[in-house]
Structure formats: C-alpha cells, structure tokens
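K.L.:
Handing you a structure now.
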Amino acid sequence: MNFVEEGLVKAQSRGQDIILRYPPEPNGYLHIGHAKAFSISYGMRCKYNGKANLRFDDTNPAKESMEYVEGIKRDLDWLGVEYDQVLFASDYYEKLYQCAIHLIKRGVAYVDDSTMDEIKAMRGELGVPGKPSPYRNRSVEENLDLFQRMRAGEFPDGSRVLRAKIDMASPNMNMRDPVLYRINRQAHYRTGNQWCIYPMYDFAHSLSDYIEHISNSLCSLEFEDHRPLYNWCVEQCQGALPNLPAIPPEQYEFSRLNIERFVMSKRWLKRFVDEGLVSGWDDPRMPTISGMRRRGYPAKAIMDFVRSTGITKNVMTVPLSALEFYVRSELDQCALRVAVVENPLKVRIVNYDKNETFAVTNNPHDEAAGTHAISFSNEIWIDGSDFSDNPPPKYKRLTIGGVVQLRGAYKIKCLRRVGDVLECEITDEKAKGVIQYVNARDCAPVTIRSFEPLLKEGTDLSDENINRDSIHESQGYAEKWLAERNDVSLKYQFVRKGYYVLDQKDKLVFNKTIGLREGF
RNA sequence: AGGGGUAUCGCCAAGCGGUAAGGCACGAGACUUUGACUCUCGCAUUCGUAGGUUCGAAUCCUGCUACCCCUGCCA
C-alpha cells in the first residue's frame with residue numbers, strides 16, 4: 001500500500017466517503033503525463049468505491065476555452081477514465097467571492113494597491129524575509145469597501161489585488177501574503193464579462209475541494225509547498241458557506257511522469273501547434289492523448305503503461321521502450337495481420353506460372369479473427385530489409401542461395417540477382433525464416449508516411465533540440481484490398497521490433513509483421 | 001542561500017528490524033509460416049555515503065553528499 005492509499009484509508013477510518021477530483025485546467029489538450037495523474041485518482045476511486053468529479057480548474061480566463069474542455073472530456077472518455085460529475089471552478093465564483101469576504105471580515109485578507117513589481121520586491125528572496133506592504137493593516141471596513149469595488153469594476157486591471165495576511169517572513173514563499181484575487185477584464189469562456197476579478201489557484205482550488213466535500217486531493221509534487229496554504233484557506237473559511245463538510249480535505253502529492261526525450265510541457269506543445277510545426281494537438285507525433293490515439297496506440301496500452309509506473313515521490317524518467325512494450329502487447333492481441341512492403345524489391349519466380357490464392361490467418365492469437373485471402377503469382381514484391389547480399393551471421397531472411405518461407409505461400413530459394421530483380425525458384429528445402437510478400441500483379445502502390453514522436457535531443461528544451469525530422473515517406477505496395485480501403489496512402493508509426501502502426505483517416509492501424517487493427 | 005522533497009539493479013518499483021519481490025531493458029537458449037508472440041535460464045552478497053544502536057539494519061539514530069521543487073496579479 002502506497003502513501004496515497006494510506007491517506008484514503010485514513011479518511012475512511014474517520015468515516016469520510018471517498019470523494020476525489022480530477023482538476024485539469026482547460027488550457028490545452030491532455031498528454032500522457034496527465035493520463036498518469038488521472039489514472040491514479042481513477043484507480044483509487046475504483047478500489048475504494050469512491051466518487052470522482054471532473055472539475056475544470058478554470059480561473060484564468062486568458063488561457064482557457066470550451067474547445068479544451070471538450071477535448072479533455074473526449075480524451076478521458078476514450079481512455080475509459082470515469083467520473084461522477086462534471087463541474088467547473090467557474091461555477092463557484094460567487095461562493096468563492098463570499099469566502100473572500102469572510103476572510104476580510106476575519107481580518108486575514110487585505111486589498112493591496114501595490115504594483116506587481118512592488119509586491120515582488122517586498123516578497124523578499126529565498127532565505128531573506130519579505131517586508132510587509134504599506135496596505136497590510138487597512139481596516140476591515142476599508143478592505144471590504146475596496147474589495148467590493150474591485151468586483152464592481154471600479155479599478156483598472158492590475159491596480160489592486162486581494163492578499164491573504166499570513167507571514168511575510170515565512171520560509172515558504174507561498175505563505176508570504178499570497179495573492180488571492182486579481183483584477184482582469186478578460187472575457188471568460190463560461191462567465192463572459194460577468195466578473196472582472198478572478199480567484200487565484202490556491203484559493204480557488206482548496207475551496208473548490210472543500211465545497212465538493214473532497215476527502216483526498218491528489219496532485220503532483222510541485223504542489224507540496226502549497227499544502228500549508230491549501231490548509232490555511234480551508235481552515236480560515238470554516239463556516240464561511242453553508243454545507244461545508246466537518247472534515248476538511250487533505251492534499252497528497254506524488255511525482256509526475258516523465259518519459260525519456262518526450263516533450264511534456266503544455267507550453268511547448270501549444271507552441272508546436274501555434275507555430276504550425278504539427279498539424280494540431282492530435283498530430284500523430286504529439287505526446288498528447290489525441291495524438292497517440294491517431295497513432296494507433298490503444299487506450300488500454302496507455303492506461304496499463306501509466307499504471308505500471310507506480311505512485312511514489314521519486315523523480316522518474318521512464319524509457320520510451322516501456323511505453324512501447326504495452327503498445328506492442330496490446331496490439332499483438334488485436335491487430336489483424338496483413339502484408340505491406342515498404343521498400344519494394346522485385347522477386348521473379350522462374351519455375352512458377354500460375355495465379356493462386358492462399359488463406360492466411362488474421363491474428364494468430366485469435367482464431368475468431370478468421371483468415372483473409374492473399375494472392376500469389378510469379379512476380380512478387382518483398383521488403384528490401386528481407387534480403388541481404390552480404391548477410392550478417394544468423395541472418396534468417398533471404399540471401400543469394402538461401403531459402404526462405406513466404407508467409408502463407410511457398411518456400412523460395414534465391415538463385416541470382418539480375419539487375420533490380422531477384423530470381424528465385426520454389427523449393428522444398430528447409431527455410432531459415434519467414435517473410436511477407438505482396439503479389440506484384442495484384443497489389444496497389446501506396447505512399448507510406450511514417451511518424452516518429454516529437455522528441456527532444458537532450459534534457460533541455462530549446463528550438464534546436466527538437467527533432468523536426470519526424471515524418472518520412474516512401475513508396476511501397478500493399479495487398480490490394482487493404483490499399484483500396486486506405487485510399488492508397490498509409491501512415492504508420494514505428495513501435496520497434498518490427499511493429500508498424502498505420503493510421504489512415506483515423507480508422508486503421510497497421511502492423512508491419514503485419515497487422516491491421518480496426519475501429520479505434 | 002532559507003524552505004519543502006527524494007535517494008533500493010541501466011529504467012520503473014516492492015520492502016516498514018529477521019537476513020534484497022516483480023516489470024521494462026539487456027544477454028544466452030528452446031519453440032515458431034511474423035527475427036513477433038510464448039517458454040527457459042541469467043542479470044543488486046547489496047539498498048547515495050560515513051559512522052552508530054542491535055544477536056541481527058535497506059528498514060532505527062547521527063553526520064555528510066547528490067538530485068528535484070519554490071521568489072507569477074499561471075495552474
């Protein structure tokens with residue numbers, strides 16, 4: 001049992017119902033790092049028979065939009081992360097305002113007329129105490145009046161803020177009279193111009209949890225320093241609103257997921273989209289949930305992967321191969337096997353002149369998946385990587401003089417190379433390996449576009465470090481029936497160990513060795 | 001520098017005073033009409049480091065060291 005679970009058990013032992021929340025800010029699309037955070041709360045919700053609200057933490061109108069709300073919901077639904085209610089911090093603006101009034105009346109919040117720079121200067125530095133604002137000791141009446149006028153729109157943006165009166169000398173910077181409310185005349189995607197003051201994260205988040213009777217508030221490690229402020233807000237607002245729970249919520253923090261070379265910063269992902277480096281948040285090269293979906297990563301693979309990374313406070317950077325392992329093993333179960341030749345190499349079979357059709361299994365792990373027909377003639381394409389002039393030791397595919405099994409068809413022996421063509425004969429000799437082929441007289445040329453994830457070269461994120469050469473094209477051949485469905489254009493993503501996933505019109509996934517998955 | 005955290009195999013990660021689970025990766029082999037899948041075997045005398053307590057320590061104590069987070073009117 002990990003420390004998060006211990007927190008839940010503790011809450012249960014106090015008689016609390018387990019109520020959790022997923023608190024995304026709708027300022028972008030979800031990426032795989034978010035999936036991990038969601039999966040932790042979701043896993044706990046399931047294991048402890050609790051509830052979980054999807055609450056959009058939308059307190060910054062400058063960055064948020066309905067498009068993101070909908071995108072996030074779509075991704076969650078696809079991942080199978082279930083939630084009980086859909087809520088918005090913006091629905092609590094009035095309640096939050098009442099809480100702020102409550103704090104002012106208690107004398108623990110004040111309106112500060114200082115500029116942003118002045119506040120910054122007075123906050124002090126790490127290890128150096130801050131200085132109190134000259135407005136820190138205004139009377140309750142004056143604060144009340146000023147704050148109400150802030151709401152009424154009497155003051156320009158940025159001219160005043162509401163601050164908590166805590167401790168300007170606290171070693172925890174978050175406790176040096178943090179800003180609770182700012183004036184910002186930006187239209188909010190849900191509340192429009194109804195408000196010109198907006199609550200800050202710490203205030204809105206903690207009280208939203210409190211209002212929703214959240215028992216355990218699970219978040220990532222960077223909020224550890226915010227916990228004292230979280231608790232302060234909740235404690236100071238006891239009794240500020242009707243129906244607040246007797247037992248306040250408790251915050252627990254765990255480390256976030258990093259994947260080797262993955263760009264997991266929303267800011268950068270947004271930049272890629274805005275600058276047109278990618279076609280959108282769902283570009284198959286993006287580490288977003290929607291991008292991975294288009295790349296053909298099964299939802300189950302993503303969820304299994306993020307669950308496998310554990311719940312700790314350790315700094316973690318998981319290798320890409322770990323993700324790929326789950327993608328492969330899931331795809332292996334469901335992908336239909338079909339042939340595609342990426343780098344065509346012509347093979348002419350000299351002792352054969354018929355046209356035949358063979359049945360090959362669609363999925364060796366699933367008999368119910370059935371078979372499909374693959375045609376055969378004396379001219380076929382094989383993949384360039386399945387032949388070698390100069391084979392390394394233990395090479396199992398085709399060589400001059402070597403024998404190989406064509407999947408579902410005959411064994412062939414390579415006699416010679418004539419120009420661009422390999423001349424072979426059907427034989428009974430023992431084959432070393434099995435390769436796929438496409439009938440050259442009955443196939444369709446396809447353009448194959450491959451994608452690789454948008455990766456960074458080092459640990460630093462800079463323009464130069466981003467691998468932009470992430471799309472490759474080649475002209476290949478596919479079984480006719482597949483190509484027809486694919487409109488002679490296939491996209492795929494390399495998942496290593498011979499697996500390719502193809503993605504066309506968001507409908508097909510394909511696998512080199514060779515599988516096709518439908519309906520994702 | 002002040003505060004908050006974290007240190008167990010290349011990477012995740014169990015372990016909570018009784019003598020180092022598991023997965024990924026990797027290596028060797030078997031099987032195989034996907035070099036896939038499956039299977040078998042191998043892979044930390046040691047738990048950041050130096051001491052201490054104890055019959056016994058990754059687990060308790062002390063001192064070091066390394067790394068991460070915090071000085072938005074972002075979340």
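As shown in the structure tokens, the chain order sets the letters A, B, ...; within each chain, residues go from 1, and ligands are also counted from 1 in the order they appear.
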B:U6: which residues within 9 Å, counting only C-alpha atoms (C1' of nucleotides), same-chain residues fewer than 6 positions away excluded, as a ChimeraX atom specification?

P.N.:
/A:313-315 /B:67-68

K.L.:
With C-alpha atoms (C1' of nucleotides) retained, write the just-selected residues as an mmCIF file, in the first residue's frame.

P.N.:
data_model
loop_
_atom_site.group_PDB
_atom_site.id
_atom_site.type_symbol
_atom_site.label_atom_id
_atom_site.label_comp_id
_atom_site.auth_asym_id
_atom_site.auth_seq_id
_atom_site.Cartn_x
_atom_site.Cartn_y
_atom_site.Cartn_z
ATOM 1 C CA LYS A 313 7.661 10.737 -4.775
ATOM 2 C CA ASN A 314 10.743 9.685 -6.693
ATOM 3 C CA VAL A 315 11.863 11.692 -9.667
ATOM 4 C "C1'" C B 67 19.335 15.500 -7.344
ATOM 5 C "C1'" C B 68 14.211 17.768 -7.764
#

K.L.:
Residues of chain B within 8 Å of chain A, counting only C-alpha atoms (C1' of nucleotides) - could you list those as an NGL selection string?

P.N.:
:B and (1-6 or 11-13 or 23-25 or 33-37 or 68-71 or 73-75)

K.L.:
For B:A44, list every protein, DNA or RNA residue within 12 Å, evaluated using only C-alpha atoms (C1' of nucleotides), and leave out those in the same chain fewer than 4 positions away; present the list as number ranges by chain.

P.N.:
B: 8-9, 20, 58

K.L.:
Give me, as an NGL selection string, all polymer residues having an atom no more than 8 Å from A:Ser388, counting only C-alpha atoms (C1' of nucleotides) and skipping those fewer than 5 positions away in the same chain.

P.N.:
:A and (397-400)

K.L.:
Taking only stretch 37-283 of chain A into account, list the residues labelled strand (DSSP E or B) by DSSP (computed from the backbone), as a PyMOL selection string.

P.N.:
chain A and resi 51-56+85-88+109-112+125+128+161-164+179-183+188+192+197-199+216-220+250-254+257-259+262

K.L.:
Within 12 Å of B:U53, counting only C-alpha atoms (C1' of nucleotides), which residues show up once you throw out same-chain ones fewer than 5 positions away? Write them as an MDAnalysis selection string, please.

P.N.:
chainID B and resid 17 60:62

K.L.:
Pull C-alpha atoms (C1' of nucleotides) from the residues just selected and write them as a compact mmCIF listing (two decimals), in the first residue's frame.

P.N.:
# COMPACT_ATOMS: atom_id res chain seq x y z
C1' G B 17 14.17 -4.68 12.45
C1' C B 60 16.16 2.83 13.86
C1' C B 61 19.83 7.14 15.18
C1' U B 62 23.71 10.84 13.67

K.L.:
May I ask which of the residues B:U49, B:U32, B:A21, B:C43 is the closest one to B:A66, counting only C-alpha atoms (C1' of nucleotides)?

P.N.:
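Under the stated criterion, the closest residue is B:U49.
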
K.L.:
DSSP on the backbone, helix (DSSP H, G or I) only: what residues of stretch 156-386 of chain A does that give? Format it as an NGL selection string.

P.N.:
:A and (173-175 or 201-211 or 221-236 or 266-274 or 289-295 or 299-308 or 320-334 or 367-369 or 384-386)

K.L.:
Write out as JSON, numbers by chain the residues lying within 10 Å of stretch 414-421 of chain A, counting only C-alpha atoms (C1' of nucleotides) and excluding same-chain residues fewer than 6 positions away.

P.N.:
{"A": [345, 346, 347, 348, 349, 350, 379, 381, 387, 389, 398, 399, 400, 401, 402, 403, 404, 427]}

K.L.:
Between atom CA of A:Met264 and atom CA of A:His31, what distance in Å does the model show, to one decimal?

P.N.:
7.2 Å
